[in-house]
Amino acid sequence: MAATVDLKGKVAFIAGVADSTGYGWAITKQLADAGATIIVGTWPPVLKIFQKSLEKGMFDDDSILSDGSKLTIEKVYPLDAVFDEPDDVPEEIKTNKRYAGLDGYTISEVAKAVEADYGKIDILVHSLANGPEVTKPLLETSRKGYLAASSASAYSAVSLLQKFAPIMNEGGSFLSLTYIASEKVIPGYGGGMSSAKAQLESDTRTLAYEAGRKYGVRVNTISAGPLKSRAASAIGKEPGQKTFIEYAIDYAKANAPLAQDLYSDDVGNAGLFLLSPMARTITGVTLYVDNGLNCMGMALDSESMAGASN
């Protein structure tokens, strides 16, 4: 698709990229392939690891573009999306050794830094989420854990657009990533994360109206199927057992209308479309990129379906 989309001269800021295994990287790669200038925001505790990995060429195999060139990230900004303003940062974070030597990582500060470096941007991607109690059922989730999931995974998108929209060119586009747990019960995806994704999708519609009228910016989200990324693989990992994401991938392949693997590039291509002028009239949409699993009402591999005609 990149060959038909020209984003030369456009600047894209992707929040939440920290390795080459997730959907954020896949979207970043497709945007670069279409000619966009790439800048990213990375969580401070993993910033140095990410930068060193880039410098050592550890992501080179995952960075090859369609013309044989390599993805170039022009600048990496430290970004902690649970803090909006400098005054929001507690002393325990300021003095944390994982934040040592870093400042200017709140959303408002990063937006100002990007404006100083690039003036206006055209594309904004929210590719981050965190739920400290994600392995706990909702019935066992604490208020603190629930609100933390909401803050990092949903309100962060509101704040990101709030602070960056004023420096986005008219016709710009915002994209986030959600999950089917927002509307269907997914055991194992707990800690308030399902609630946070529901918030994200609802906010997508409201922000589409508000940002569209005020800034001429489109707002969409992709509900992506399960991918064995580094972050997802950390959910529910017990010795000798499959991880949550491995169960989810197996279930999806057994029950989706399209019984095929889902690759990060599939979401990257969909992201490129939504972020490009090809989707200039599309806003407020939750686009499912999951081989159609979202439309199923029965599990084909259920024991109760044994012997039924599929």
# chains A, B, ... in the order shown; residues from 1 in each chain; ligands from 1

$ select_by_dssp --residues "stretch 50-117 of chain A" --states "alpha helix (DSSP H)" --output "PyMOL selection string"
chain A and resi 50-55+91-94+107-117

$ write_last_selection --atoms "N, CA, C and O atoms" --output "CSV table (one decimal), in the first residue's frame"
chain,number,residue,atom,x,y,z
A,50,PHE,N,16.2,0.9,24.4
A,50,PHE,CA,15.7,1.1,23.0
A,50,PHE,C,16.7,1.8,22.2
A,50,PHE,O,17.0,1.4,21.1
A,51,GLN,N,17.3,2.9,22.7
A,51,GLN,CA,18.2,3.7,21.9
A,51,GLN,C,19.5,2.9,21.6
A,51,GLN,O,20.0,2.9,20.5
A,52,LYS,N,19.9,2.1,22.6
A,52,LYS,CA,21.1,1.3,22.4
A,52,LYS,C,20.8,0.2,21.4
A,52,LYS,O,21.7,-0.2,20.6
A,53,SER,N,19.6,-0.4,21.5
A,53,SER,CA,19.3,-1.4,20.5
A,53,SER,C,19.2,-0.9,19.1
A,53,SER,O,19.7,-1.5,18.1
A,54,LEU,N,18.8,0.4,18.9
A,54,LEU,CA,18.8,1.0,17.6
A,54,LEU,C,20.2,1.3,17.1
A,54,LEU,O,20.5,1.0,16.0
A,55,GLU,N,21.0,1.8,18.0
A,55,GLU,CA,22.4,2.0,17.7
A,55,GLU,C,23.2,0.8,17.3
A,55,GLU,O,24.0,0.8,16.4
A,91,GLU,N,7.6,13.1,43.4
A,91,GLU,CA,9.0,13.0,43.8
A,91,GLU,C,9.6,11.7,43.6
A,91,GLU,O,10.8,11.5,43.2
A,92,GLU,N,8.8,10.6,43.9
A,92,GLU,CA,9.4,9.3,43.8
A,92,GLU,C,9.7,8.9,42.4
A,92,GLU,O,10.6,8.0,42.1
A,93,ILE,N,9.1,9.5,41.4
A,93,ILE,CA,9.4,9.3,40.0
A,93,ILE,C,10.7,10.1,39.6
A,93,ILE,O,11.6,9.7,39.0
A,94,LYS,N,10.7,11.4,40.1
A,94,LYS,CA,11.8,12.3,39.8
A,94,LYS,C,13.1,11.7,40.3
A,94,LYS,O,14.2,11.9,39.6
A,107,ILE,N,3.5,14.8,28.8
A,107,ILE,CA,2.9,15.0,27.5
A,107,ILE,C,3.0,16.4,27.0
A,107,ILE,O,3.4,16.7,25.9
A,108,SER,N,2.7,17.4,27.9
A,108,SER,CA,2.8,18.8,27.5
A,108,SER,C,4.2,19.2,27.1
A,108,SER,O,4.4,20.0,26.1
A,109,GLU,N,5.2,18.7,27.8
A,109,GLU,CA,6.6,19.1,27.6
A,109,GLU,C,7.1,18.5,26.2
A,109,GLU,O,7.8,19.1,25.5
A,110,VAL,N,6.7,17.2,26.0
A,110,VAL,CA,7.1,16.6,24.7
A,110,VAL,C,6.4,17.3,23.6
A,110,VAL,O,7.1,17.5,22.5
A,111,ALA,N,5.2,17.7,23.7
A,111,ALA,CA,4.5,18.4,22.6
A,111,ALA,C,5.2,19.7,22.3
A,111,ALA,O,5.4,20.1,21.1
A,112,LYS,N,5.6,20.4,23.4
A,112,LYS,CA,6.4,21.7,23.2
A,112,LYS,C,7.7,21.4,22.5
A,112,LYS,O,8.2,22.2,21.6
A,113,ALA,N,8.4,20.3,22.9
A,113,ALA,CA,9.7,20.0,22.3
A,113,ALA,C,9.5,19.6,20.8
A,113,ALA,O,10.4,20.0,20.0
A,114,VAL,N,8.5,18.9,20.5
A,114,VAL,CA,8.2,18.5,19.1
A,114,VAL,C,7.9,19.8,18.3
A,114,VAL,O,8.4,19.9,17.2
A,115,GLU,N,7.2,20.7,18.9
A,115,GLU,CA,6.9,21.9,18.2
A,115,GLU,C,8.1,22.7,17.9
A,115,GLU,O,8.3,23.3,16.8
A,116,ALA,N,9.0,22.8,18.9
A,116,ALA,CA,10.3,23.5,18.8
A,116,ALA,C,11.2,22.9,17.7
A,116,ALA,O,11.9,23.6,16.9
A,117,ASP,N,11.1,21.6,17.6
A,117,ASP,CA,12.0,20.9,16.6
A,117,ASP,C,11.4,20.8,15.2
A,117,ASP,O,12.1,20.9,14.2

$ residues_around --residues "stretch 119-129 of chain A" --least-positions-apart "3" --cutoff "8 Å" --atoms "only C-alpha atoms" --output "VMD selection string"
chain A and resid 10 to 17 23 to 24 114 to 116 149 152 to 154 157 160 to 161 164 167 to 177 275

$ atom_distance --atom1 "atom CA of A:Ala18" --atom2 "atom CA of A:Ala81"
13.6 Å

$ residues_around --residues "A:Thr221" --least-positions-apart "4" --cutoff "9 Å" --atoms "only C-alpha atoms" --output "ChimeraX atom specification"
/A:174-178,200-201,204,271,274,284-288

$ write_last_selection --atoms "N, CA, C and O atoms" --output "CSV table (one decimal), in the first residue's frame"
chain,number,residue,atom,x,y,z
A,174,PHE,N,-5.2,11.2,13.8
A,174,PHE,CA,-4.8,10.5,15.1
A,174,PHE,C,-5.3,9.1,15.1
A,174,PHE,O,-6.4,8.8,14.6
A,175,LEU,N,-4.5,8.2,15.6
A,175,LEU,CA,-4.9,6.8,15.6
A,175,LEU,C,-4.4,6.1,16.9
A,175,LEU,O,-3.3,6.4,17.4
A,176,SER,N,-5.3,5.3,17.5
A,176,SER,CA,-5.0,4.5,18.6
A,176,SER,C,-5.2,3.0,18.4
A,176,SER,O,-5.7,2.7,17.3
A,177,LEU,N,-4.9,2.2,19.3
A,177,LEU,CA,-5.1,0.8,19.2
A,177,LEU,C,-5.9,0.3,20.4
A,177,LEU,O,-5.6,0.6,21.5
A,178,THR,N,-6.9,-0.5,20.0
A,178,THR,CA,-7.8,-1.1,21.1
A,178,THR,C,-7.9,-2.6,20.9
A,178,THR,O,-7.1,-3.2,20.2
A,200,LEU,N,-11.5,4.1,25.7
A,200,LEU,CA,-10.7,4.5,24.5
A,200,LEU,C,-11.6,4.6,23.3
A,200,LEU,O,-11.6,5.6,22.5
A,201,GLU,N,-12.5,3.6,23.1
A,201,GLU,CA,-13.3,3.5,21.9
A,201,GLU,C,-14.4,4.6,22.0
A,201,GLU,O,-14.8,5.3,21.0
A,204,THR,N,-12.8,7.9,21.3
A,204,THR,CA,-12.5,8.1,19.9
A,204,THR,C,-13.7,8.8,19.2
A,204,THR,O,-13.4,9.7,18.4
A,271,GLY,N,-3.3,0.8,9.5
A,271,GLY,CA,-3.0,2.0,10.1
A,271,GLY,C,-2.6,3.1,9.1
A,271,GLY,O,-3.0,4.2,9.2
A,274,LEU,N,-5.7,4.5,7.4
A,274,LEU,CA,-6.4,5.4,8.2
A,274,LEU,C,-5.7,6.7,8.4
A,274,LEU,O,-6.4,7.8,8.6
A,284,GLY,N,-13.9,8.8,13.7
A,284,GLY,CA,-14.8,8.2,14.7
A,284,GLY,C,-15.0,6.7,14.6
A,284,GLY,O,-15.9,6.2,15.2
A,285,VAL,N,-14.1,6.0,13.8
A,285,VAL,CA,-14.3,4.6,13.5
A,285,VAL,C,-13.4,3.7,14.4
A,285,VAL,O,-12.3,4.0,14.7
A,286,THR,N,-14.0,2.6,14.8
A,286,THR,CA,-13.2,1.5,15.4
A,286,THR,C,-13.1,0.4,14.2
A,286,THR,O,-14.1,-0.2,13.9
A,287,LEU,N,-12.0,0.3,13.7
A,287,LEU,CA,-11.8,-0.7,12.6
A,287,LEU,C,-11.2,-2.0,13.1
A,287,LEU,O,-10.1,-2.0,13.7
A,288,TYR,N,-11.9,-3.0,12.8
A,288,TYR,CA,-11.5,-4.4,13.3
A,288,TYR,C,-10.5,-4.9,12.3
A,288,TYR,O,-10.8,-5.1,11.1

$ atom_distance --atom1 "atom CA of A:Met278" --atom2 "atom CA of A:Glu210"
21.4 Å

$ closest_residue --among "A:Gly9, A:Gly104, A:Gly216, A:Gly292" --to "A:Asp88" --atoms "only C-alpha atoms"
A:Gly104

$ select_by_dssp --residues "stretch 44-240 of chain A" --states "strand (DSSP E)" --output "ChimeraX atom specification"
/A:73-78,121-126,168-178,218-224

$ closest_residue --among "A:Ile186, A:Ile282, A:Val89, A:Val82" --to "A:Leu147" --atoms "only C-alpha atoms"
A:Val82

$ atom_distance --atom1 "atom CA of A:Asp103" --atom2 "atom CA of A:Tyr215"
29.0 Å

$ residues_around --residues "A:Met298" --least-positions-apart "2" --cutoff "12 Å" --atoms "only C-alpha atoms" --output "PyMOL selection string"
chain A and resi 251-252+254-257+293-296+300-305+308+310

$ closest_residue --among "A:Leu139, A:Ser223, A:Arg213, A:Asp84" --to "A:Ser182" --atoms "only C-alpha atoms"
A:Ser223

$ residues_around --residues "A:Gly35" --least-positions-apart "3" --cutoff "12 Å" --atoms "only C-alpha atoms" --output "VMD selection string"
chain A and resid 2 to 12 28 to 32 38 65 to 67 69 to 73 272 276

$ closest_residue --among "A:Pro90, A:Arg205, A:Phe59, A:Asp250" --to "A:Ala299" --atoms "only C-alpha atoms"
A:Asp250

$ residues_around --residues "A:Tyr247" --least-positions-apart "5" --cutoff "10 Å" --atoms "only C-alpha atoms" --output "PyMOL selection string"
chain A and resi 188+226+241-242+252

$ write_last_selection --atoms "C-alpha atoms" --output "mmCIF file, in the first residue's frame"
data_model
loop_
_atom_site.group_PDB
_atom_site.id
_atom_site.type_symbol
_atom_site.label_atom_id
_atom_site.label_comp_id
_atom_site.auth_asym_id
_atom_site.auth_seq_id
_atom_site.Cartn_x
_atom_site.Cartn_y
_atom_site.Cartn_z
ATOM 1 C CA GLY A 188 -7.439 -13.185 31.530
ATOM 2 C CA PRO A 226 -3.915 -10.912 19.184
ATOM 3 C CA GLN A 241 1.813 -22.983 30.685
ATOM 4 C CA LYS A 242 0.972 -21.013 27.585
ATOM 5 C CA ALA A 252 -8.594 -16.652 17.116
#

$ residues_around --residues "A:Met193" --least-positions-apart "2" --cutoff "10 Å" --atoms "only C-alpha atoms" --output "list in words"
Ala129, Asn130, Gly131, Pro132, Glu133, Val134, Thr135, Leu138, Gly145, Tyr146, Leu147, Ala148, Ala149, Ser150, Ala152, Ser153, Ala154, Tyr179, Ala181, Ser182, Tyr189, Gly190, Gly191, Ser195, Ala196, Lys197, Ala198 and Gln199 of chain A

$ write_last_selection --atoms "C-alpha atoms" --output "compact mmCIF listing (two decimals), in the first residue's frame"
# COMPACT_ATOMS: atom_id res chain seq x y z
CA ALA A 129 -1.25 0.77 27.35
CA ASN A 130 -0.54 -0.51 30.81
CA GLY A 131 -2.55 -2.22 33.52
CA PRO A 132 -0.52 -3.07 36.63
CA GLU A 133 -3.19 -5.58 37.71
CA VAL A 134 -3.99 -6.98 34.25
CA THR A 135 -3.72 -10.58 35.47
CA LEU A 138 -12.11 -7.38 37.62
CA GLY A 145 -5.09 -0.65 39.71
CA TYR A 146 -8.30 0.15 37.83
CA LEU A 147 -7.59 3.87 37.68
CA ALA A 148 -3.97 3.24 36.70
CA ALA A 149 -5.14 1.17 33.71
CA SER A 150 -7.56 3.91 32.71
CA ALA A 152 -2.20 4.89 31.09
CA SER A 153 -4.39 3.25 28.46
CA ALA A 154 -7.32 5.63 27.86
CA TYR A 179 -8.91 -4.66 21.68
CA ALA A 181 -12.15 -6.99 25.29
CA SER A 182 -13.74 -3.53 25.21
CA TYR A 189 -7.52 -9.60 30.27
CA GLY A 190 -8.32 -8.01 33.61
CA GLY A 191 -7.23 -5.31 35.98
CA SER A 195 -12.83 -1.02 30.82
CA ALA A 196 -9.96 1.17 29.65
CA LYS A 197 -10.33 -0.07 26.08
CA ALA A 198 -14.07 0.62 26.20
CA GLN A 199 -13.24 4.15 27.34
